[in-house]
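Q: This structure is in structure tokens; I'll ask about it shortly.
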Amino acid sequence: MGDREPLTNRVVEAVESHLRDRVSTSTLRRAYRLGYLVLRPWWFVTRPHTLGVKAVVRCGEQILVVRHTYARRDQWDLPGGFLRPGEDAELALRRELGEELGIAPVEVMLIAVVASRADRKRERLFTYVADVADMAISPSEAEIAQAHWVAHDALPAGTNRFGRRMVARAYWELWQDAAERPGP
């Protein structure tokens with residue numbers, strides 16, 4: 001991907017910023033759902049290359065799982081989002097966690113960079129462990145339908161495969177030497 005932001009991203013960001021300041025949370029939530037339904041066939045046709053971030057957010061032995069309002073609403077997932085062109089992955093992660101959940105990690109560690117083809121996009125996901133000082137969250141009602149802290153070894157039924165794998169990796173990383181960890 002070049003430094004120029006794809007047209008789809010520019011349009012989505014412009015519409016989102018316009019709506020965010022002018023409509024109610026419930027209307028914005030419906031706009032996210034509608035946007036997702038419109039983008040899925042577009043992604044099928046264009047097969048865009050995208051960059052994203054995900055985080056296993058930890059507070060002690062508890063991890064945070066979310067249900068989004070717009071995509072795979074029946075599944076528990078890890079919080080995350082998209083990178084803007086030229087944006088550093090760790091900074092994007094911190095931005096997304098602040099926007100979606102009102103949290104600021106005290107420490108982050110990259111645990112995986114994986115290819116994903118969800119929704120027909122060709123996506124590269126940077127996955128981090130993000131440790132937080134306390135379990136206080138303030139979820140964006142427009143983007144997050146539910147957010148819950150759960151024991152890392154007792155994920156709820158319906159947690160997606162990627163989330164389960166990354167939670168397992170997040171705790172395995174504690175036992176690996178630094179030299180074995182993935183680099184950017």
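The way I read the labels, and the way they are meant: chains A, B, ... in the order of the structure tokens, residue 1 as the first residue of every chain, and ligand 1 as the first ligand shown, with later ones counted on from there.
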Can you list, as a ChimeraX atom specification, every protein, DNA or RNA residue that comes within 6 Å of Glu107 (chain A) when you count only C-alpha atoms, leaving out same-chain residues fewer than 2 positions away?

A: /A:105,130-131

Q: Do you have the CA of Leu83 (chain A)-CA of Val38 (chain A) distance handy?

A: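 About the pair CA of Leu83 (chain A) and CA of Val38 (chain A): they are 20.3 Å apart.
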
Q: Determine, counting only C-alpha atoms, which protein, DNA and RNA residues have an atom within 6 Å of an atom of region 158-172 of chain A; residues of the same chain fewer than 3 positions away are not included. Present the result as number ranges by chain.

A: A: 75-78, 175

Q: Would you mind exporting N, CA and C atoms of the selected residues as a PDB file, in the first residue's frame?

A:
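Saved the output as again25.pdb:
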```
ATOM      1  N   GLN A  75     -20.477 -12.533  17.583  1.00  0.00           N
ATOM      2  CA  GLN A  75     -19.192 -13.054  18.056  1.00  0.00           C
ATOM      3  C   GLN A  75     -18.501 -12.086  19.008  1.00  0.00           C
ATOM      4  N   TRP A  76     -17.831 -12.654  19.984  1.00  0.00           N
ATOM      5  CA  TRP A  76     -16.941 -11.868  20.840  1.00  0.00           C
ATOM      6  C   TRP A  76     -15.628 -11.739  20.089  1.00  0.00           C
ATOM      7  N   ASP A  77     -15.026 -10.573  20.172  1.00  0.00           N
ATOM      8  CA  ASP A  77     -13.822 -10.279  19.403  1.00  0.00           C
ATOM      9  C   ASP A  77     -12.864  -9.467  20.273  1.00  0.00           C
ATOM     10  N   LEU A  78     -11.692  -9.232  19.740  1.00  0.00           N
ATOM     11  CA  LEU A  78     -10.720  -8.345  20.365  1.00  0.00           C
ATOM     12  C   LEU A  78     -10.952  -6.941  19.839  1.00  0.00           C
ATOM     13  N   TRP A 175       6.363 -16.512  28.275  1.00  0.00           N
ATOM     14  CA  TRP A 175       7.356 -17.566  28.486  1.00  0.00           C
ATOM     15  C   TRP A 175       8.441 -17.578  27.425  1.00  0.00           C
TER      16      TRP A 175
END
```

Q: Which polymer residues have any atom within 6 Å of an atom of His68 (chain A), counting only C-alpha atoms, with same-chain residues fewer than 5 positions away left out, as a list in words?

A: Arg73, Glu143, Ile144 and Ala145 of chain A

Q: Identify which of the residues A:Gly35, A:Thr50, A:Leu97, A:Asp74 lies closest to Ala157 (chain A), counting only C-alpha atoms when measuring atom-to-atom distances.

A: A:Asp74

Q: Report, in Å to a single decimal, how far apart CA of His152 (chain A) and CA of Val56 (chain A) are.

A: 9.6 Å
